[in-house]
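> Below is entry20.pdb; it holds PDB, C-alpha atoms (C1' of nucleotides).
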```
ATOM      1  CA  MET W   2    -129.665 -91.807  10.707
ATOM      2  CA  THR W   3    -128.025 -88.696   9.369
ATOM      3  CA  SER W   4    -125.851 -88.632   6.303
ATOM      4  CA  SER W   5    -122.822 -88.124   8.534
ATOM      5  CA  GLU W   6    -123.730 -91.114  10.685
ATOM      6  CA  ARG W   7    -124.100 -93.234   7.574
ATOM      7  CA  LEU W   8    -120.609 -92.237   6.496
ATOM      8  CA  ASP W   9    -119.327 -92.973  10.000
ATOM      9  CA  ALA W  10    -120.765 -96.464   9.821
ATOM     10  CA  ALA W  11    -119.539 -97.130   6.305
ATOM     11  CA  PHE W  12    -115.980 -95.964   6.958
ATOM     12  CA  ALA W  13    -115.809 -97.795  10.278
ATOM     13  CA  ALA W  14    -117.076-100.989   8.652
ATOM     14  CA  LEU W  15    -114.488-100.674   5.896
ATOM     15  CA  ALA W  16    -111.650-100.118   8.373
ATOM     16  CA  ASP W  17    -111.335-103.848   9.101
ATOM     17  CA  PRO W  18    -109.438-106.135   6.720
ATOM     18  CA  THR W  19    -111.663-109.114   7.504
ATOM     19  CA  ARG W  20    -114.729-107.139   6.543
ATOM     20  CA  ARG W  21    -113.091-105.853   3.361
ATOM     21  CA  ALA W  22    -112.213-109.444   2.485
ATOM     22  CA  ILE W  23    -115.818-110.450   3.081
ATOM     23  CA  LEU W  24    -116.955-107.726   0.712
ATOM     24  CA  ALA W  25    -114.406-108.873  -1.845
ATOM     25  CA  ARG W  26    -115.841-112.362  -1.611
ATOM     26  CA  LEU W  27    -119.400-111.083  -1.935
ATOM     27  CA  ALA W  28    -118.460-109.032  -4.957
ATOM     28  CA  SER W  29    -118.406-112.319  -6.861
ATOM     29  CA  GLY W  30    -121.795-113.448  -5.631
ATOM     30  CA  GLU W  31    -123.926-114.336  -2.630
ATOM     31  CA  ALA W  32    -122.546-116.529   0.111
ATOM     32  CA  SER W  33    -123.750-118.121   3.319
ATOM     33  CA  VAL W  34    -122.248-117.394   6.717
ATOM     34  CA  LEU W  35    -120.399-120.712   6.784
ATOM     35  CA  GLU W  36    -118.985-120.118   3.331
ATOM     36  CA  LEU W  37    -117.779-116.728   4.472
ATOM     37  CA  THR W  38    -116.268-118.208   7.620
ATOM     38  CA  LYS W  39    -114.204-120.843   5.822
ATOM     39  CA  PRO W  40    -111.348-118.655   4.572
ATOM     40  CA  PHE W  41    -110.667-117.088   7.955
ATOM     41  CA  ALA W  42    -108.853-118.350  11.029
ATOM     42  CA  MET W  43    -111.723-117.139  13.116
ATOM     43  CA  SER W  44    -114.809-118.550  14.776
ATOM     44  CA  GLN W  45    -118.226-118.465  13.176
ATOM     45  CA  PRO W  46    -119.613-116.057  15.813
ATOM     46  CA  ALA W  47    -116.778-113.664  15.027
ATOM     47  CA  ILE W  48    -117.805-113.650  11.374
ATOM     48  CA  SER W  49    -121.442-113.205  12.366
ATOM     49  CA  LYS W  50    -120.415-110.106  14.274
ATOM     50  CA  HIS W  51    -118.545-108.742  11.286
ATOM     51  CA  LEU W  52    -121.595-109.399   9.144
ATOM     52  CA  LYS W  53    -123.742-107.509  11.608
ATOM     53  CA  VAL W  54    -121.392-104.528  11.359
ATOM     54  CA  LEU W  55    -121.557-104.665   7.577
ATOM     55  CA  GLU W  56    -125.328-104.983   7.678
ATOM     56  CA  ARG W  57    -125.809-102.033  10.033
ATOM     57  CA  ALA W  58    -123.660 -99.988   7.664
ATOM     58  CA  GLY W  59    -125.935-101.063   4.826
ATOM     59  CA  LEU W  60    -123.048-102.665   2.999
ATOM     60  CA  ILE W  61    -124.706-106.069   2.863
ATOM     61  CA  SER W  62    -128.224-107.426   3.063
ATOM     62  CA  ARG W  63    -129.375-110.934   3.843
ATOM     63  CA  GLY W  64    -131.906-113.314   2.411
ATOM     64  CA  ARG W  65    -133.310-116.612   3.579
ATOM     65  CA  ASP W  66    -132.690-120.054   2.174
ATOM     66  CA  ALA W  67    -133.801-122.627   4.726
ATOM     67  CA  GLN W  68    -131.248-122.422   7.576
ATOM     68  CA  ARG W  69    -128.924-120.394   5.464
ATOM     69  CA  ARG W  70    -128.833-116.590   5.501
ATOM     70  CA  PRO W  71    -127.199-115.741   2.194
ATOM     71  CA  CYS W  72    -125.400-112.396   2.218
ATOM     72  CA  ARG W  73    -125.204-110.089  -0.721
ATOM     73  CA  ILE W  74    -123.249-106.905  -1.160
ATOM     74  CA  GLU W  75    -125.104-103.583  -1.410
ATOM     75  CA  GLY W  76    -123.631-100.699  -3.328
ATOM     76  CA  LYS W  77    -125.352 -97.671  -1.836
ATOM     77  CA  PRO W  78    -122.931 -96.920   1.015
ATOM     78  CA  LEU W  79    -119.986 -97.402  -1.318
ATOM     79  CA  ALA W  80    -121.557 -94.870  -3.633
ATOM     80  CA  ASP W  81    -121.938 -92.496  -0.692
ATOM     81  CA  VAL W  82    -118.282 -92.933   0.201
ATOM     82  CA  SER W  83    -117.364 -92.353  -3.415
ATOM     83  CA  ASP W  84    -119.415 -89.162  -3.459
ATOM     84  CA  TRP W  85    -117.727 -87.945  -0.301
ATOM     85  CA  LEU W  86    -114.316 -88.696  -1.773
ATOM     86  CA  GLU W  87    -115.136 -86.796  -4.911
ATOM     87  CA  THR W  88    -114.840 -83.531  -3.006
ATOM     88  CA  TYR W  89    -111.162 -84.251  -2.478
ATOM     89  CA  ARG W  90    -110.289 -85.560  -5.899
ATOM     90  CA  GLN W  91    -108.634 -82.323  -6.909
ATOM     91  CA  ILE W  92    -106.366 -82.589  -3.911
ATOM     92  CA  TRP W  93    -104.914 -85.961  -4.656
ATOM     93  CA  GLU W  94    -104.779 -85.258  -8.349
ATOM     94  CA  ALA W  95    -102.834 -82.093  -7.552
ATOM     95  CA  ASN W  96    -100.448 -84.254  -5.534
ATOM     96  CA  PHE W  97     -99.969 -86.529  -8.508
ATOM     97  CA  GLN W  98     -99.467 -83.628 -10.830
ATOM     98  CA  ARG W  99     -96.716 -82.375  -8.590
ATOM     99  CA  LEU W 100     -95.168 -85.837  -8.607
ATOM    100  CA  ASP W 101     -95.554 -86.114 -12.360
ATOM    101  CA  ALA W 102     -93.947 -82.731 -12.831
ATOM    102  CA  LEU W 103     -91.087 -83.734 -10.618
ATOM    103  CA  LEU W 104     -90.505 -86.985 -12.440
ATOM    104  CA  GLU W 105     -90.657 -85.234 -15.780
ATOM    105  CA  GLU W 106     -88.173 -82.677 -14.569
ATOM    106  CA  MET W 107     -85.838 -85.433 -13.470
ATOM    107  CA  GLN W 108     -86.012 -87.105 -16.871
ATOM    108  CA  THR W 109     -85.454 -83.943 -18.901
ATOM    109  CA  PRO W 110     -83.206 -81.725 -16.842
ATOM    110  CA  GLU W 111     -82.009 -79.826 -19.926
ATOM    111  CA  LYS W 112     -85.213 -77.794 -20.122
ATOM    112  CA  LYS W 113     -84.660 -76.108 -16.794
ATOM    113  CA  THR W 114     -87.633 -73.721 -17.011
ATOM    114  CA  THR W 115     -87.436 -72.834 -13.308
ATOM    115  CA  THR W 116     -90.480 -74.936 -12.586
ATOM    116  CA  ARG W 117     -90.672 -74.513  -8.874
ATOM    117  CA  LYS W 118     -93.695 -76.800  -8.597
ATOM    118  CA  GLY W 119     -93.444 -80.051  -6.694
ATOM    119  CA  ARG W 120     -92.013 -78.511  -3.594
ATOM    120  CA  ARG W 121     -92.903 -81.581  -1.616
ATOM    121  CA  THR W 122     -93.172 -85.266  -2.392
TER     122      THR W 122
ATOM    123  CA  MET Y  24     -96.869-100.885   6.873
ATOM    124  CA  THR Y  25     -98.715-103.096   4.427
ATOM    125  CA  SER Y  26    -101.168-101.804   1.891
ATOM    126  CA  SER Y  27    -103.972-103.348   3.923
ATOM    127  CA  GLU Y  28    -102.802-101.648   7.089
ATOM    128  CA  ARG Y  29    -102.688 -98.322   5.291
ATOM    129  CA  LEU Y  30    -106.274 -98.812   4.201
ATOM    130  CA  ASP Y  31    -107.208 -99.773   7.763
ATOM    131  CA  ALA Y  32    -105.703 -96.546   9.057
ATOM    132  CA  ALA Y  33    -107.249 -94.386   6.359
ATOM    133  CA  PHE Y  34    -110.754 -95.807   6.739
ATOM    134  CA  ALA Y  35    -110.570 -95.677  10.534
ATOM    135  CA  ALA Y  36    -109.403 -92.070  10.420
ATOM    136  CA  LEU Y  37    -112.250 -91.154   8.080
ATOM    137  CA  ALA Y  38    -114.837 -92.838  10.295
ATOM    138  CA  ASP Y  39    -115.000 -89.874  12.653
ATOM    139  CA  PRO Y  40    -117.074 -86.792  11.763
ATOM    140  CA  THR Y  41    -114.726 -84.440  13.595
ATOM    141  CA  ARG Y  42    -111.799 -85.704  11.561
ATOM    142  CA  ARG Y  43    -113.760 -85.431   8.313
ATOM    143  CA  ALA Y  44    -114.638 -81.856   9.254
ATOM    144  CA  ILE Y  45    -110.977 -81.148   9.891
ATOM    145  CA  LEU Y  46    -110.123 -82.467   6.446
ATOM    146  CA  ALA Y  47    -112.881 -80.341   4.946
ATOM    147  CA  ARG Y  48    -111.352 -77.307   6.589
ATOM    148  CA  LEU Y  49    -107.864 -78.226   5.392
ATOM    149  CA  ALA Y  50    -109.130 -78.692   1.865
ATOM    150  CA  SER Y  51    -109.287 -74.902   1.668
ATOM    151  CA  GLY Y  52    -105.775 -74.406   2.977
ATOM    152  CA  GLU Y  53    -103.362 -74.917   5.820
ATOM    153  CA  ALA Y  54    -104.431 -74.233   9.377
ATOM    154  CA  SER Y  55    -102.894 -74.251  12.829
ATOM    155  CA  VAL Y  56    -104.069 -76.449  15.666
ATOM    156  CA  LEU Y  57    -105.822 -73.579  17.393
ATOM    157  CA  GLU Y  58    -107.595 -72.582  14.203
ATOM    158  CA  LEU Y  59    -108.741 -76.143  13.792
ATOM    159  CA  THR Y  60    -109.905 -76.284  17.402
ATOM    160  CA  LYS Y  61    -112.085 -73.157  17.194
ATOM    161  CA  PRO Y  62    -115.103 -74.608  15.372
ATOM    162  CA  PHE Y  63    -115.490 -77.563  17.719
ATOM    163  CA  ALA Y  64    -116.971 -77.879  21.193
ATOM    164  CA  MET Y  65    -113.936 -79.844  22.192
ATOM    165  CA  SER Y  66    -110.680 -79.247  24.013
ATOM    166  CA  GLN Y  67    -107.415 -78.527  22.233
ATOM    167  CA  PRO Y  68    -105.845 -81.823  23.368
ATOM    168  CA  ALA Y  69    -108.803 -83.663  21.845
ATOM    169  CA  ILE Y  70    -108.118 -81.991  18.506
ATOM    170  CA  SER Y  71    -104.413 -82.742  18.842
ATOM    171  CA  LYS Y  72    -105.327 -86.399  19.213
ATOM    172  CA  HIS Y  73    -107.505 -86.310  16.130
ATOM    173  CA  LEU Y  74    -104.661 -84.691  14.252
ATOM    174  CA  LYS Y  75    -102.338 -87.435  15.375
ATOM    175  CA  VAL Y  76    -104.746 -90.036  14.027
ATOM    176  CA  LEU Y  77    -104.949 -88.206  10.709
ATOM    177  CA  GLU Y  78    -101.182 -87.883  10.603
ATOM    178  CA  ARG Y  79    -100.534 -91.568  11.302
ATOM    179  CA  ALA Y  80    -102.951 -92.367   8.478
ATOM    180  CA  GLY Y  81    -100.932 -90.071   6.226
ATOM    181  CA  LEU Y  82    -103.957 -87.870   5.606
ATOM    182  CA  ILE Y  83    -102.232 -84.755   6.866
ATOM    183  CA  SER Y  84     -98.689 -83.554   7.328
ATOM    184  CA  ARG Y  85     -97.394 -80.749   9.477
ATOM    185  CA  GLY Y  86     -94.982 -77.911   9.038
ATOM    186  CA  ARG Y  87     -93.416 -75.407  11.376
ATOM    187  CA  ASP Y  88     -94.155 -71.734  11.714
ATOM    188  CA  ALA Y  89     -92.710 -70.470  14.992
ATOM    189  CA  GLN Y  90     -94.893 -72.019  17.730
ATOM    190  CA  ARG Y  91     -97.497 -73.038  15.218
ATOM    191  CA  ARG Y  92     -97.632 -76.459  13.565
ATOM    192  CA  PRO Y  93     -99.643 -75.769  10.419
ATOM    193  CA  CYS Y  94    -101.476 -78.815   9.099
ATOM    194  CA  ARG Y  95    -102.013 -79.542   5.468
ATOM    195  CA  ILE Y  96    -104.055 -82.227   3.821
ATOM    196  CA  GLU Y  97    -102.302 -85.007   1.910
ATOM    197  CA  GLY Y  98    -104.005 -86.738  -0.971
ATOM    198  CA  LYS Y  99    -102.245 -90.070  -1.190
ATOM    199  CA  PRO Y 100    -104.394 -92.084   1.247
ATOM    200  CA  LEU Y 101    -107.538 -90.676  -0.321
ATOM    201  CA  ALA Y 102    -106.248 -91.834  -3.678
ATOM    202  CA  ASP Y 103    -105.636 -95.268  -2.184
ATOM    203  CA  VAL Y 104    -109.184 -95.382  -0.850
ATOM    204  CA  SER Y 105    -110.451 -94.273  -4.219
ATOM    205  CA  ASP Y 106    -108.490 -97.048  -5.909
ATOM    206  CA  TRP Y 107    -109.893 -99.595  -3.497
ATOM    207  CA  LEU Y 108    -113.412 -98.360  -4.135
ATOM    208  CA  GLU Y 109    -112.942 -98.612  -7.867
ATOM    209  CA  THR Y 110    -113.153-102.394  -7.641
ATOM    210  CA  TYR Y 111    -116.733-102.050  -6.491
ATOM    211  CA  ARG Y 112    -117.891 -99.362  -8.846
ATOM    212  CA  GLN Y 113    -119.747-101.829 -11.046
ATOM    213  CA  ILE Y 114    -121.685-103.000  -8.042
ATOM    214  CA  TRP Y 115    -123.106 -99.695  -6.999
ATOM    215  CA  GLU Y 116    -123.673 -98.656 -10.562
ATOM    216  CA  ALA Y 117    -125.600-101.864 -11.064
ATOM    217  CA  ASN Y 118    -127.689-100.950  -8.031
ATOM    218  CA  PHE Y 119    -128.442 -97.579  -9.544
ATOM    219  CA  GLN Y 120    -129.343 -99.153 -12.840
ATOM    220  CA  ARG Y 121    -131.865-101.303 -11.038
ATOM    221  CA  LEU Y 122    -133.208 -98.227  -9.258
ATOM    222  CA  ASP Y 123    -133.325 -96.297 -12.506
ATOM    223  CA  ALA Y 124    -135.166 -99.121 -14.183
ATOM    224  CA  LEU Y 125    -137.646 -99.246 -11.341
ATOM    225  CA  LEU Y 126    -138.268 -95.524 -11.391
ATOM    226  CA  GLU Y 127    -138.709 -95.587 -15.138
ATOM    227  CA  GLU Y 128    -141.149 -98.421 -14.806
ATOM    228  CA  MET Y 129    -143.120 -96.470 -12.222
ATOM    229  CA  GLN Y 130    -143.348 -93.458 -14.480
ATOM    230  CA  THR Y 131    -144.487 -95.372 -17.577
ATOM    231  CA  PRO Y 132    -146.635 -98.246 -16.319
ATOM    232  CA  GLU Y 133    -148.494 -98.510 -19.649
ATOM    233  CA  LYS Y 134    -145.599-100.366 -21.233
ATOM    234  CA  LYS Y 135    -145.928-103.347 -18.937
ATOM    235  CA  THR Y 136    -143.287-105.456 -20.651
ATOM    236  CA  THR Y 137    -143.056-107.896 -17.710
ATOM    237  CA  THR Y 138    -139.755-106.354 -16.667
ATOM    238  CA  ARG Y 139    -139.071-108.310 -13.549
ATOM    239  CA  LYS Y 140    -135.913-106.409 -12.887
ATOM    240  CA  GLY Y 141    -135.530-104.317  -9.776
ATOM    241  CA  ARG Y 142    -136.627-107.002  -7.393
ATOM    242  CA  ARG Y 143    -135.146-105.116  -4.504
ATOM    243  CA  THR Y 144    -134.794-101.500  -3.612
TER     244      THR Y 144
ATOM    245  C1'  DA C  12    -139.064-138.006  17.217
ATOM    246  C1'  DT C  13    -134.314-137.562  16.887
ATOM    247  C1'  DT C  14    -130.345-135.904  14.932
ATOM    248  C1'  DG C  15    -127.524-132.740  12.251
ATOM    249  C1'  DT C  16    -126.718-128.226  10.098
ATOM    250  C1'  DT C  17    -126.681-123.341  10.057
ATOM    251  C1'  DC C  18    -126.673-119.245  12.344
ATOM    252  C1'  DA C  19    -127.354-115.920  16.262
ATOM    253  C1'  DT C  20    -126.851-114.531  20.957
ATOM    254  C1'  DA C  21    -125.071-114.274  25.702
ATOM    255  C1'  DA C  22    -121.328-113.697  28.720
ATOM    256  C1'  DC C  23    -116.812-112.738  29.255
ATOM    257  C1'  DT C  24    -111.956-110.595  28.399
ATOM    258  C1'  DA C  25    -108.580-107.654  26.325
ATOM    259  C1'  DT C  26    -107.685-103.768  23.671
ATOM    260  C1'  DT C  27    -108.646 -99.434  21.524
ATOM    261  C1'  DT C  28    -110.944 -95.107  21.140
ATOM    262  C1'  DC C  29    -112.591 -90.603  22.504
ATOM    263  C1'  DG C  30    -113.074 -87.425  25.587
ATOM    264  C1'  DT C  31    -111.552 -84.970  29.958
ATOM    265  C1'  DT C  32    -108.132 -82.015  33.128
ATOM    266  C1'  DA C  33    -103.586 -80.893  34.442
ATOM    267  C1'  DT C  34     -99.138 -79.950  33.099
ATOM    268  C1'  DA C  35     -94.946 -79.501  30.544
ATOM    269  C1'  DG C  36     -92.241 -77.758  26.587
ATOM    270  C1'  DA C  37     -91.063 -74.773  22.867
ATOM    271  C1'  DA C  38     -90.902 -70.498  20.736
ATOM    272  C1'  DC C  39     -92.028 -65.889  20.449
ATOM    273  C1'  DT C  40     -92.476 -60.951  23.121
ATOM    274  C1'  DA C  41     -91.673 -57.320  26.259
TER     275       DA C  41
ATOM    276  C1'  DT A   8     -85.521 -62.663  32.564
ATOM    277  C1'  DA A   9     -90.267 -63.165  32.834
ATOM    278  C1'  DG A  10     -94.495 -63.739  30.720
ATOM    279  C1'  DT A  11     -97.483 -65.250  26.833
ATOM    280  C1'  DT A  12     -98.899 -68.198  23.204
ATOM    281  C1'  DC A  13     -99.240 -72.527  20.886
ATOM    282  C1'  DT A  14     -98.998 -77.351  21.076
ATOM    283  C1'  DA A  15     -98.060 -82.001  22.998
ATOM    284  C1'  DT A  16     -98.227 -85.375  26.600
ATOM    285  C1'  DA A  17     -99.639 -87.810  30.830
ATOM    286  C1'  DA A  18    -103.118 -89.809  33.536
ATOM    287  C1'  DC A  19    -107.565 -91.064  33.848
ATOM    288  C1'  DG A  20    -112.524 -92.905  32.825
ATOM    289  C1'  DA A  21    -116.326 -94.377  29.856
ATOM    290  C1'  DA A  22    -117.655 -96.661  25.963
ATOM    291  C1'  DA A  23    -116.905 -99.271  21.842
ATOM    292  C1'  DT A  24    -114.534-103.103  19.355
ATOM    293  C1'  DA A  25    -112.877-107.660  18.352
ATOM    294  C1'  DG A  26    -112.185-111.898  19.698
ATOM    295  C1'  DT A  27    -113.342-116.167  22.559
ATOM    296  C1'  DT A  28    -116.527-120.322  24.313
ATOM    297  C1'  DA A  29    -120.981-122.027  25.385
ATOM    298  C1'  DT A  30    -125.515-122.420  24.166
ATOM    299  C1'  DG A  31    -130.001-121.916  21.937
ATOM    300  C1'  DA A  32    -133.230-121.569  17.921
ATOM    301  C1'  DA A  33    -134.743-122.683  13.254
ATOM    302  C1'  DC A  34    -134.989-125.710   9.814
ATOM    303  C1'  DA A  35    -133.823-130.300   7.277
ATOM    304  C1'  DA A  36    -133.249-135.151   6.921
ATOM    305  C1'  DT A  37    -133.752-139.638   8.395
TER     306       DT A  37
END
```
For the structure just supplied, provide its representation as C-alpha cells.

Amino acid sequence: MTSSERLDAAFAALADPTRRAILARLASGEASVLELTKPFAMSQPAISKHLKVLERAGLISRGRDAQRRPCRIEGKPLADVSDWLETYRQIWEANFQRLDALLEEMQTPEKKTTTRKGRRT
Amino acid sequence: MTSSERLDAAFAALADPTRRAILARLASGEASVLELTKPFAMSQPAISKHLKVLERAGLISRGRDAQRRPCRIEGKPLADVSDWLETYRQIWEANFQRLDALLEEMQTPEKKTTTRKGRRT
DNA sequence: ATTGTTCATAACTATTTCGTTATAGAACTA
DNA sequence: TAGTTCTATAACGAAATAGTTATGAACAAT
C-alpha cells in the first residue's frame, strides 16, 4: 500500500461521523464490539462493518478476549494525516492572520495605516 | 451545516488523491480549471467535478477572470481538521513513545531493565 | 450436550461516487 | 456576426458505500 493509498483510506475512514464517534470512544480505552454498538441506533453488523473500515485504514487494531474482540485505537494513521496537514499550516494560519488583522482594524479604526490586507474573509 | 457535516465533507474531499494533488497545486497559487486539468490523465469535466467537491467542502473558492474561474485554496476546513486531530495527538505521540522506547531498547540491550513496555509495534 | 453470548459474513437494496462523452453557455477575439 | 476558448451540465455506467436481515462460528456456562 502506497503512502497515498494509506492517506486515502485514513481520510475516507474519518469521513463518517459514526466512525469518528467510535474513535472518540476508543480514545478513552479499549471496547468490545457490543459496547461500541450500544450508543448507536444501528445494527451490530453495521458497526462491524465500520470497524472493518477503521481496521483496514490502520486506525484500530483488535485483540482477543474469549468471544470478545476488543478494539483499540492506533495512532499511526492519525500521525500521517497530521503530517500531511502540516504542509498546509501556513495557508490556514495566513487566513487567520488576515482575519485577525481585519478584526484589529475594526477595533482600532483611528490608526488607518492603509493596511490593505484581509481582502477576503 | 453542522460542525460534524463540515468535517464529513472535508475528510471525504481529502480522501481522493486527485483532489489532494489539486490542493497541492493550489498551495503555490491560484490556477484555472484548464491549468488544473493539464497534469491529470482525466477529462476536464472530471476535474470540474472534483473542484465542485472541494468547493462544497469549503476547501477552495473561485473567482472570475474573463472566461476563467481561478481557484484558490481556503484554509478554514483544514484548520477544522487540524483541530479535530488535536484531540488525538496524545494517542499517536504515545505510540511513538512506545516505538522510541522499543528502538532504544534494541540499540542498548545490555541494560536489560525488564522494560516490558512496547508490547506492540 | 445444550444453551447463550459475541461477533462476522452473506445476500440484498438504495445511494453515492468517479469516470466517461456530448453538449450548452459565457466571455473574449477577429 | 462568427468563431474560439474556457467551463459547467446532462446523461450514462461501473463500482463503492452504508445500511438492513438472516445466519453461522467460536467460545462460555450450566
> Any chance you could work out the residue set of the PyMOL selection byres ((chain Y) within 9 of (chain W)) here, as a ChimeraX atom specification?
/Y:27-28,30-40,47,50,96-102,104-105,108-119
> For chain Y, work out the contacting residues on chain C at 9 Å, counting all atoms listed in the file, and write them as number ranges by chain.
C: 29-31, 37-39
> Out of A:DT24, A:DT8, A:DT30, A:DT14, which residue has the shortest atom-to-atom distance to chain Y when counting all atoms listed in the file?
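Closest residue, counting all atoms listed in the file: A:DT14.
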> Please return, as a list in words, all residues of chain A lying within 10 Å of chain Y when all atoms listed in the file are considered.
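Interface list for chain A against chain Y: DT12, DC13, DT14, DA15 and DT16 of chain A.
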> Quick check on the file I pasted: which residues fall under the PyMOL selection byres ((chain C and resi 40) around 9)? Write them as a VMD selection string.
(chain C and resid 39 41) or (chain A and resid 10 to 11)
> For the selection just defined, write its residues with C-alpha atoms (C1' of nucleotides) to a file, as a PDB file, keeping the file's coordinate frame.

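What landed in selection_37.pdb:
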```pdb
ATOM      1  C1'  DC C  39     -92.028 -65.889  20.449  1.00  0.00           C
ATOM      2  C1'  DA C  41     -91.673 -57.320  26.259  1.00  0.00           C
TER       3       DA C  41
ATOM      4  C1'  DG A  10     -94.495 -63.739  30.720  1.00  0.00           C
ATOM      5  C1'  DT A  11     -97.483 -65.250  26.833  1.00  0.00           C
TER       6       DT A  11
END
```
> For the file shown, what are the residues hit by the PyMOL selection byres ((chain A and resi 32) around 10), laid out as JSON, numbers by chain?
{"C": [18, 19, 20], "A": [30, 31, 33, 34]}
> Include C-alpha atoms (C1' of nucleotides) and write out the residues we just selected as a compact mmCIF listing (two decimals), in the coordinates of the input.

```
# COMPACT_ATOMS: atom_id res chain seq x y z
C1' DC C 18 -126.67 -119.24 12.34
C1' DA C 19 -127.35 -115.92 16.26
C1' DT C 20 -126.85 -114.53 20.96
C1' DT A 30 -125.52 -122.42 24.17
C1' DG A 31 -130.00 -121.92 21.94
C1' DA A 33 -134.74 -122.68 13.25
C1' DC A 34 -134.99 -125.71 9.81
```
> May I ask for the distance between atom C1' of DA33 of chain C and atom C1' of DA17 of chain A, given in Å to one decimal place?
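Straight-line distance from atom C1' of DA33 of chain C to atom C1' of DA17 of chain A works out to 8.7 Å.
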> Record the distance separating atom CA of Ile83 of chain Y and atom C1' of DG36 of chain C, expressed in Å with one decimal.
23.2 Å
